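The next block is my_file35.txt, given as compact mmCIF, C-alpha atoms.
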# COMPACT_ATOMS: atom_id res chain seq x y z
CA MET A 160 -180.81 75.84 187.18
CA GLU A 161 -182.91 75.54 190.32
CA GLN A 162 -181.59 77.47 193.37
CA ARG A 163 -181.41 74.34 195.54
CA LEU A 164 -179.25 72.60 192.93
CA ILE A 165 -177.07 75.71 192.65
CA PHE A 166 -176.72 75.64 196.45
CA LEU A 167 -175.53 72.00 196.35
CA THR A 168 -173.13 72.85 193.51
CA ILE A 169 -171.68 75.65 195.63
CA LEU A 170 -171.18 73.27 198.57
CA GLY A 171 -169.26 70.90 196.29
CA MET A 172 -167.18 73.76 194.90
CA ALA A 173 -166.38 74.93 198.44
CA LEU A 174 -165.13 71.47 199.41
CA VAL A 175 -162.87 70.95 196.39
CA THR A 176 -161.50 74.49 196.78
CA TYR A 177 -160.75 74.25 200.50
CA LEU A 178 -159.00 70.86 200.49
CA PRO A 179 -156.05 71.88 198.24
CA ARG A 180 -155.69 75.09 200.26
CA LEU A 181 -155.66 73.30 203.60
CA ALA A 182 -154.06 69.86 203.18
CA PRO A 183 -150.42 70.81 202.39
CA ALA A 184 -150.22 73.45 205.14
CA TRP A 185 -151.78 71.08 207.64
CA LEU A 186 -149.64 68.07 206.71
CA LEU A 187 -146.32 69.79 206.06
CA SER A 188 -146.15 72.58 208.66
CA SER A 189 -145.07 70.25 211.49
CA ARG A 190 -142.45 68.42 209.42
CA THR A 191 -138.92 69.20 208.39
CA LEU A 192 -138.89 69.20 204.62
CA HIS A 193 -136.34 67.34 202.54
CA PRO A 194 -133.81 69.94 201.29
CA ALA A 195 -134.75 69.29 197.65
CA MET A 196 -138.44 69.85 198.46
CA ALA A 197 -137.63 73.02 200.41
CA ARG A 198 -135.60 74.28 197.44
CA PHE A 199 -138.45 73.52 195.05
CA LEU A 200 -140.96 75.33 197.26
CA SER A 201 -138.66 78.36 197.57
CA PHE A 202 -139.07 78.89 193.81
CA VAL A 203 -142.86 78.50 193.86
CA PRO A 204 -143.74 82.15 194.70
CA THR A 205 -141.59 83.48 191.83
CA ALA A 206 -142.84 80.87 189.37
CA VAL A 207 -146.52 81.07 190.27
CA LEU A 208 -146.63 84.89 190.34
CA SER A 209 -145.06 85.10 186.91
CA ALA A 210 -147.31 82.33 185.53
CA LEU A 211 -150.36 84.26 186.70
CA LEU A 212 -149.08 87.69 185.66
CA LEU A 213 -147.57 87.32 182.20
CA PRO A 214 -150.62 85.76 180.47
CA SER A 215 -152.80 88.53 181.95
CA LEU A 216 -150.54 91.12 180.29
CA LEU A 217 -149.93 89.41 176.94
CA VAL A 218 -153.16 87.59 176.13
CA VAL A 219 -156.30 89.57 175.38
CA GLU A 220 -159.46 87.65 174.49
CA GLY A 221 -157.53 84.45 173.85
CA ARG A 222 -154.93 85.96 171.51
CA LEU A 223 -151.42 87.28 171.91
CA ASN A 224 -151.61 91.09 171.85
CA VAL A 225 -148.38 93.11 171.74
CA THR A 226 -149.87 96.06 169.84
CA PRO A 227 -149.85 99.66 171.17
CA GLN A 228 -153.53 99.16 172.05
CA ASN A 229 -152.67 96.73 174.85
CA VAL A 230 -152.79 99.20 177.77
CA PHE A 231 -151.93 96.63 180.46
CA LEU A 232 -148.74 95.57 178.70
CA TRP A 233 -147.38 99.11 178.28
CA ALA A 234 -148.46 100.22 181.75
CA ALA A 235 -146.63 97.17 183.15
CA ILE A 236 -143.22 98.46 182.05
CA PRO A 237 -143.14 101.75 184.06
CA THR A 238 -144.88 99.91 186.94
CA LEU A 239 -142.05 97.38 186.95
CA LEU A 240 -139.38 100.11 186.82
CA VAL A 241 -140.94 102.07 189.69
CA ALA A 242 -141.36 98.91 191.78
CA TRP A 243 -137.76 97.89 191.08
CA ARG A 244 -136.13 101.30 191.70
CA THR A 245 -138.19 102.36 194.72
CA ARG A 246 -138.93 98.90 196.21
CA SER A 247 -142.23 100.47 197.17
CA PHE A 248 -145.37 98.36 197.13
CA PHE A 249 -147.65 101.39 196.93
CA GLY A 250 -145.47 103.26 194.47
CA GLY A 251 -145.66 100.41 192.00
CA VAL A 252 -149.41 99.84 192.31
CA ALA A 253 -150.24 103.57 192.22
CA THR A 254 -148.07 104.10 189.12
CA GLY A 255 -149.90 101.31 187.33
CA LEU A 256 -153.38 102.55 188.22
CA VAL A 257 -152.65 106.15 187.23
CA LEU A 258 -151.12 105.07 183.91
CA VAL A 259 -154.02 102.81 182.94
CA ALA A 260 -156.62 105.41 183.97
CA GLY A 261 -154.66 108.13 182.14
CA ALA A 262 -154.26 106.10 178.97
CA ARG A 263 -157.98 105.36 178.86
CA LEU A 264 -158.99 108.92 179.66
CA LEU A 265 -156.52 110.77 177.42
CA LEU A 266 -155.87 108.30 174.61
CA GLY A 267 -159.23 106.56 174.62
CA LEU A 268 -157.59 103.11 174.65
CA MET V 252 -160.17 98.46 221.20
CA SER V 253 -156.63 98.68 222.57
CA GLN V 254 -154.10 100.93 220.91
CA SER V 255 -151.95 98.03 219.70
CA THR V 256 -154.96 96.33 218.11
CA ALA V 257 -155.86 99.55 216.32
CA ARG V 258 -152.27 99.87 215.09
CA MET V 259 -152.26 96.26 213.89
CA LEU V 260 -155.53 96.72 212.01
CA THR V 261 -154.35 99.96 210.38
CA LYS V 262 -151.21 98.24 209.14
CA ALA V 263 -153.20 95.21 207.96
CA LEU V 264 -155.56 97.49 206.04
CA GLN V 265 -152.60 99.29 204.49
CA GLN V 266 -151.03 96.05 203.28
CA ALA V 267 -154.36 94.65 202.11
CA SER V 268 -155.45 97.79 200.26
CA PRO V 269 -154.07 96.97 196.78
CA ILE V 270 -155.85 93.61 196.92
CA ILE V 271 -159.05 95.27 198.15
CA MET V 272 -158.89 97.79 195.29
CA GLY V 273 -158.66 94.86 192.90
CA TYR V 274 -161.23 92.62 194.57
CA LEU V 275 -164.03 95.19 194.86
CA PRO V 276 -164.45 95.68 191.09
CA VAL V 277 -163.85 92.01 190.20
CA GLY V 278 -166.26 90.89 192.95
CA PHE V 279 -168.70 93.46 191.60
CA ALA V 280 -168.38 92.01 188.09
CA TYR V 281 -169.02 88.52 189.49
CA GLY V 282 -172.17 89.80 191.27
CA VAL V 283 -173.51 91.43 188.11
CA LEU V 284 -172.94 88.25 186.07
CA ALA V 285 -174.46 86.01 188.77
CA GLN V 286 -177.58 88.17 188.85
CA ASN V 287 -177.78 88.09 185.06
CA VAL V 288 -177.78 84.27 184.83
CA GLY V 289 -180.46 84.01 187.51
CA ILE V 290 -178.56 82.96 190.63
CA SER V 291 -180.31 84.15 193.83
CA LEU V 292 -178.75 86.83 196.05
CA LEU V 293 -178.28 84.28 198.82
CA ASN V 294 -176.42 81.80 196.57
CA THR V 295 -174.37 84.60 194.98
CA VAL V 296 -173.11 85.85 198.33
CA LEU V 297 -172.77 82.32 199.74
CA MET V 298 -170.39 81.40 196.91
CA SER V 299 -168.18 84.38 197.75
CA VAL V 300 -168.23 83.39 201.44
CA ILE V 301 -167.57 79.63 201.24
CA VAL V 302 -165.88 79.10 197.85
CA TYR V 303 -164.05 82.43 197.66
CA ALA V 304 -162.00 81.89 194.51
CA GLY V 305 -162.25 84.61 191.89
CA SER V 306 -161.55 82.90 188.60
CA SER V 307 -163.46 79.72 189.42
CA GLN V 308 -166.49 81.71 190.62
CA LEU V 309 -166.59 83.61 187.32
CA ILE V 310 -166.19 80.34 185.40
CA ALA V 311 -168.92 78.66 187.49
CA VAL V 312 -171.36 81.50 186.81
CA GLY V 313 -170.79 81.03 183.08
CA LEU V 314 -171.30 77.27 183.39
CA ILE V 315 -174.45 77.62 185.50
CA GLY V 316 -175.76 80.04 182.87
CA SER V 317 -175.10 77.42 180.17
CA LEU V 318 -176.86 74.73 182.26
CA ILE V 319 -173.74 72.56 182.56
CA SER V 320 -174.11 69.68 185.06
CA PRO V 321 -173.18 70.39 188.69
CA LEU V 322 -170.60 67.59 188.66
CA SER V 323 -168.75 69.15 185.69
CA ILE V 324 -168.79 72.52 187.46
CA ILE V 325 -167.32 70.99 190.62
CA VAL V 326 -164.60 69.11 188.69
CA THR V 327 -163.71 72.28 186.76
CA THR V 328 -163.48 74.18 190.05
CA LEU V 329 -161.17 71.51 191.46
CA ILE V 330 -158.84 71.72 188.46
CA VAL V 331 -158.77 75.52 188.44
CA ASN V 332 -157.99 75.65 192.17
CA LEU V 333 -155.41 72.82 192.36
CA ARG V 334 -152.65 75.45 192.09
CA HIS V 335 -153.38 76.35 195.72
CA LEU V 336 -151.75 73.03 196.68
CA LEU V 337 -148.41 74.55 195.74
CA MET V 338 -149.08 77.83 197.51
CA SER V 339 -150.23 76.11 200.69
CA ALA V 340 -147.12 73.90 200.62
CA ALA V 341 -144.84 76.88 199.99
CA LEU V 342 -146.19 78.75 203.04
CA SER V 343 -146.18 75.66 205.31
CA PRO V 344 -142.60 76.16 206.63
CA TYR V 345 -143.71 79.50 208.09
CA MET V 346 -146.56 77.92 210.04
CA LYS V 347 -144.59 75.57 212.31
CA THR V 348 -145.83 77.26 215.48
CA TRP V 349 -149.40 77.76 214.31
CA SER V 350 -152.23 75.69 215.79
CA SER V 351 -154.33 73.45 213.52
CA LEU V 352 -157.23 75.84 213.93
CA GLN V 353 -155.12 78.86 212.96
CA ILE V 354 -153.84 77.01 209.88
CA ALA V 355 -157.41 76.00 209.00
CA ALA V 356 -158.63 79.60 209.27
CA PHE V 357 -155.66 81.00 207.36
CA SER V 358 -155.86 78.42 204.53
CA PHE V 359 -159.56 78.99 204.01
CA GLU V 360 -158.71 82.49 202.74
CA LEU V 361 -155.62 81.56 200.73
CA THR V 362 -155.95 83.09 197.26
CA ASP V 363 -153.41 83.98 194.57
CA GLU V 364 -153.29 87.51 195.89
CA THR V 365 -153.10 86.78 199.61
CA PHE V 366 -150.46 84.15 198.86
CA ALA V 367 -148.42 86.73 196.97
CA LEU V 368 -148.66 89.15 199.87
CA HIS V 369 -147.93 86.66 202.65
CA SER V 370 -145.05 84.96 200.87
CA GLN V 371 -143.38 88.38 200.95
CA ARG V 372 -144.48 89.33 204.49
CA PHE V 373 -143.46 86.06 206.15
CA VAL V 374 -139.88 86.50 204.94
CA HIS V 375 -139.57 89.95 206.52
CA GLU V 376 -141.67 89.62 209.65
CA SER V 377 -141.49 86.69 212.02
CA PRO V 378 -144.56 84.57 211.28
CA HIS V 379 -144.24 82.92 214.69
CA ALA V 380 -144.99 86.00 216.77
CA PRO V 381 -148.60 85.96 218.06
CA GLU V 382 -149.26 89.50 216.79
CA GLU V 383 -147.98 88.49 213.36
CA LYS V 384 -150.42 85.56 213.21
CA ARG V 385 -153.26 87.90 214.15
CA SER V 386 -152.12 90.37 211.54
CA ALA V 387 -152.01 87.70 208.80
CA LEU V 388 -155.52 86.54 209.70
CA ALA V 389 -156.76 90.15 209.84
CA ILE V 390 -155.42 90.84 206.35
CA ASN V 391 -157.19 87.74 205.01
CA LEU V 392 -160.45 88.71 206.67
CA LEU V 393 -160.35 92.29 205.35
CA VAL V 394 -159.58 91.04 201.85
CA GLN V 395 -162.37 88.47 201.81
CA SER V 396 -164.82 91.05 203.19
CA SER V 397 -164.09 93.27 200.20
CA TRP V 398 -164.76 90.32 197.89
CA VAL V 399 -168.08 89.53 199.57
CA VAL V 400 -169.15 93.18 199.66
CA GLY V 401 -168.16 93.62 196.01
CA SER V 402 -170.25 90.59 195.01
CA TRP V 403 -173.25 91.83 196.95
CA LEU V 404 -173.00 95.35 195.47
CA GLY V 405 -172.64 93.90 191.97
CA PHE V 406 -175.72 91.74 192.42
CA SER V 407 -177.72 94.70 193.74
CA ALA V 408 -176.61 97.02 190.94
CA GLY V 409 -177.34 94.27 188.43
CA THR V 410 -177.89 95.67 184.98
CA LEU V 411 -177.88 99.32 186.12
CA ILE V 412 -174.13 99.56 185.56
CA PRO V 413 -173.06 98.93 181.96
CA ASP V 414 -169.29 98.95 182.50
CA VAL V 415 -167.89 96.88 185.34
CA ARG V 416 -164.35 98.20 184.93
CA PRO V 417 -164.10 101.45 186.89
CA VAL V 418 -161.28 103.58 185.53
CA GLY V 419 -157.95 101.84 185.97
CA LEU V 420 -159.02 99.63 188.88
CA ASP V 421 -158.93 96.48 186.78
CA PHE V 422 -155.14 96.94 186.67
CA ALA V 423 -154.85 96.86 190.51
CA LEU V 424 -154.18 93.12 190.69
CA PRO V 425 -151.69 92.89 187.78
CA ALA V 426 -149.87 95.94 189.22
CA MET V 427 -149.71 94.29 192.62
CA PHE V 428 -148.38 91.08 191.10
CA ILE V 429 -145.65 93.07 189.35
CA THR V 430 -144.46 94.74 192.56
CA LEU V 431 -144.57 91.46 194.52
CA LEU V 432 -142.74 89.61 191.75
CA VAL V 433 -140.01 92.27 191.76
CA GLY V 434 -139.62 91.61 195.49
CA GLN V 435 -139.32 87.86 194.91
CA VAL V 436 -136.64 87.99 192.22
CA LYS V 437 -133.50 87.86 194.34
CA ASN V 438 -130.92 86.73 191.76
CA GLY V 439 -130.36 85.67 188.16
CA LEU V 440 -131.77 82.21 188.78
CA HIS V 441 -135.03 83.65 190.09
CA LEU V 442 -135.19 85.99 187.11
CA MET V 443 -134.73 83.05 184.76
CA VAL V 444 -137.44 81.03 186.53
CA ALA V 445 -139.82 84.03 186.39
CA LEU V 446 -139.25 84.59 182.66
CA LEU V 447 -139.57 80.90 181.79
CA SER V 448 -142.63 80.35 183.96
CA GLY V 449 -144.49 83.38 182.56
CA SER V 450 -143.59 82.46 178.98
CA LEU V 451 -144.57 78.82 179.43
CA ALA V 452 -147.91 79.75 181.05
CA THR V 453 -148.61 82.18 178.19
CA ALA V 454 -147.65 79.66 175.50
CA LEU V 455 -149.81 76.94 177.08
CA LEU V 456 -152.74 79.34 177.32
CA LEU V 457 -152.40 80.26 173.63
CA LEU V 458 -152.30 76.55 172.79
CA GLY V 459 -155.64 76.14 174.53
CA VAL V 460 -154.44 74.75 177.88
CA ASP V 461 -156.46 77.26 179.87
CA GLN V 462 -157.03 75.36 183.13
CA TRP V 463 -153.66 73.72 183.72
CA ASN V 464 -151.28 76.35 182.36
CA VAL V 465 -150.40 78.01 185.70
CA ILE V 466 -149.82 74.81 187.63
CA VAL V 467 -147.79 73.13 184.84
CA ALA V 468 -145.60 76.21 184.30
CA THR V 469 -145.03 76.56 188.06
CA VAL V 470 -144.09 72.93 188.69
CA VAL V 471 -141.77 72.67 185.67
CA THR V 472 -139.87 75.93 186.21
CA ALA V 473 -139.67 75.73 190.02
CA ALA V 474 -138.26 72.20 189.65
CA LEU V 475 -135.76 73.47 187.09
CA GLY V 476 -134.72 76.33 189.40
CA ALA V 477 -134.34 73.98 192.37
CA THR V 478 -132.29 71.48 190.32
CA LEU V 479 -129.93 74.15 189.03
CA GLU V 480 -129.49 75.69 192.47
CA GLY V 481 -128.91 72.23 193.98
CA SER V 482 -126.25 71.31 191.44
CA TRP V 483 -124.45 74.66 191.91
CA ASN V 484 -124.44 74.26 195.67
CA LYS V 485 -122.72 70.88 195.34
CA ASP V 486 -119.80 72.31 193.33

Turn the structure described in the file into structure tokens.
Amino acid sequence: MEQRLIFLTILGMALVTYLPRLAPAWLLSSRTLHPAMARFLSFVPTAVLSALLLPSLLVVEGRLNVTPQNVFLWAAIPTLLVAWRTRSFFGGVATGLVLVAGARLLLGL
Amino acid sequence: MSQSTARMLTKALQQASPIIMGYLPVGFAYGVLAQNVGISLLNTVLMSVIVYAGSSQLIAVGLIGSLISPLSIIVTTLIVNLRHLLMSAALSPYMKTWSSLQIAAFSFELTDETFALHSQRFVHESPHAPEEKRSALAINLLVQSSWVVGSWLGFSAGTLIPDVRPVGLDFALPAMFITLLVGQVKNGLHLMVALLSGSLATALLLLGVDQWNVIVATVVTAALGATLEGSWNKD
């Protein structure tokens, strides 16, 4: 594709990406939300985080993978335990990184 | 630079660091791929500056490589990024005292990862204090800088680097999501919503619903959680 056309494509992508990011915050921040709406939104962080996370742990190359070769899945369990017990942001992330690096280095996964 | 500004930036960098560790290698991968399909350096970096959305940038590079029409690429981008509607709405109650310009700047850099971080931070630290607004914007700016720098480095390294997954770093973002999710799950109802939402998103993905799975799973399970909580509160 020609660079000028790619440039125009990028402009279009920027517009359709920014609008959904901006519009709700702009329109809703000055209003008092209906209690049902506020309740719904209070569950969004939990729901969206899990919906992004779980597929990234369970699905490898389009297929469900719960075999011992799935490093991310097994590293996730101690990461979760450390995060839960210590409530430490860094503790959890560091545990995960060390485990994945270690598994690849030592076990060749 | 005043001492308080330096302190604020240090703390912002600390909180942003897991995202930065994740964005550098993923941005790098995007840069390598963009170079490989023949996108210019200027367009590669521009996309990271003005679109700034990881998964849709990687998808777009693939589509540009396959000579898909620009309109299809833009529509795909819209669908992939519609989930930000929910995130923007969920953070809106914390931005009551923000100016339109501050909201515009903040929203421009709203990604899955910055949303995850801010939805936790805003609960613990008053989002209405001026220094807290500055700190939120500083975090976003640091994080996007790492994305842009990663893209640029990836483009420059091009085909020199065969493996774009430096040891363990590709787990930085999943690990961060785990720790932030643990912080969000306050009771049994939240745990149920988390388990259902993750399972539904996974099932939909396996059934081939790869663009809508996150948004559908989020809307359905958050609505279920809110309905259950509402009916319990009435009793």

Do you know which residues are at most 9 Å from V:Ala474 counting all atoms listed in the file, after dropping those on the same chain fewer than 4 positions away, and could you put them as a PyMOL selection string?
-> (chain A and resi 198-200+202-203) or (chain V and resi 469-470+478-479)

Identify which of the residues V:Thr430, V:Ser358, V:Thr348, V:Ser320 lies closest to V:Leu336, counting all atoms listed in the file when measuring atom-to-atom distances.
->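 Among V:Thr430, V:Ser358, V:Thr348, V:Ser320, it is V:Ser358 that comes nearest to V:Leu336.
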
Between atom CA of A:Arg263 and atom CA of A:Val218 lies a distance of 18.6 Å

Spatial sel., origin (-168.9, 73.7, 196.2), limit 10 Å, only C-alpha atoms, listed as a compact mmCIF listing (two decimals) with C-alpha atoms, keeping the file's coordinate frame:
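result.txt, freshly written:
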# COMPACT_ATOMS: atom_id res chain seq x y z
CA ILE A 165 -177.07 75.71 192.65
CA PHE A 166 -176.72 75.64 196.45
CA LEU A 167 -175.53 72.00 196.35
CA THR A 168 -173.13 72.85 193.51
CA ILE A 169 -171.68 75.65 195.63
CA LEU A 170 -171.18 73.27 198.57
CA GLY A 171 -169.26 70.90 196.29
CA MET A 172 -167.18 73.76 194.90
CA ALA A 173 -166.38 74.93 198.44
CA LEU A 174 -165.13 71.47 199.41
CA VAL A 175 -162.87 70.95 196.39
CA THR A 176 -161.50 74.49 196.78
CA TYR A 177 -160.75 74.25 200.50
CA MET V 298 -170.39 81.40 196.91
CA ILE V 301 -167.57 79.63 201.24
CA VAL V 302 -165.88 79.10 197.85
CA PRO V 321 -173.18 70.39 188.69
CA LEU V 322 -170.60 67.59 188.66
CA ILE V 324 -168.79 72.52 187.46
CA ILE V 325 -167.32 70.99 190.62
CA VAL V 326 -164.60 69.11 188.69
CA THR V 328 -163.48 74.18 190.05
CA LEU V 329 -161.17 71.51 191.46

List the residues sitting within 10 Å of (-154.5, 71.1, 205.9) in the file's frame, using all atoms listed in the file, as an NGL selection string.
-> (:A and (177-188)) or (:V and (336 or 339-340 or 343 or 351-352 or 354-355 or 358-359))

Do you have the atom CA of V:Asp421-atom CA of A:Gly267 distance handy?
->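 Those two atoms sit 15.8 Å apart.
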
Skip V:Phe279 itself and residues of its chain fewer than 5 positions away, then list as a PyMOL selection string all residues within 10 Å of it, counting all atoms listed in the file.
-> chain V and resi 274+284-285+397-409+415-416

Nearest to A:Ser215: which of A:Leu164, A:Ala235, A:Leu266, A:Leu192 is it, counting all atoms listed in the file?
->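 Ranked by minimum distance to A:Ser215, first place goes to A:Ala235.
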
To one decimal in Å, tell me the separation between atom CA of V:Thr256 and atom CA of V:Gly273.
->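 The value is 25.5 Å.
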
Distance query V:Thr327 at most 8 Å, all atoms listed in the file, self and fewer than 4 positions along chain excluded, as a ChimeraX atom specification = /V:307,323,331

Leaving out V:Thr295 and any residue of its chain fewer than 4 positions from it, which residues lie within 7 Å of it when counting only C-alpha atoms, given as an NGL selection string?
-> :V and (282 or 285 or 290-291 or 299)

Skipping near chain neighbours, those fewer than 4 positions away, what residues fall within 10 Å of V:Thr472 using all atoms listed in the file, listed as a ChimeraX atom specification?
-> /A:199,202-203,205-207,210 /V:441,443-449,451,467-468,476-478

Kindly compute an axis-aligned box around the listed atoms of stretch 323-340 of chain V, allowing 3 Å on each side, and express its centre and edge lengths in Å to one decimal as JSON.
{"center_x": -158.0, "center_y": 73.5, "center_z": 193.2, "size_x": 27.7, "size_y": 14.7, "size_z": 21.0}

Residue nearest V:Glu480 among V:Asn438, V:Ser350, V:Thr362, V:Gln265 (counting all atoms listed in the file) |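 Among V:Asn438, V:Ser350, V:Thr362, V:Gln265, it is V:Asn438 that comes nearest to V:Glu480.
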
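Ranking V:Gly305, V:Pro378, V:Gly419, V:Gly316 by their shortest atom-to-atom distance to chain A, with only C-alpha atoms included, puts V:Gly419 first.
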
Which residue, A:Val241, A:Glu161, A:Pro214, A:Leu265, has the smallest gap to chain V when you use all atoms listed in the file?
-> A:Pro214

Taking all atoms listed in the file into account, which of A:Asn229, A:Leu217, A:Phe248, A:Leu211 comes nearest V:Ser306?
->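 Of A:Asn229, A:Leu217, A:Phe248, A:Leu211, the one nearest V:Ser306 is A:Leu211, counting all atoms listed in the file.
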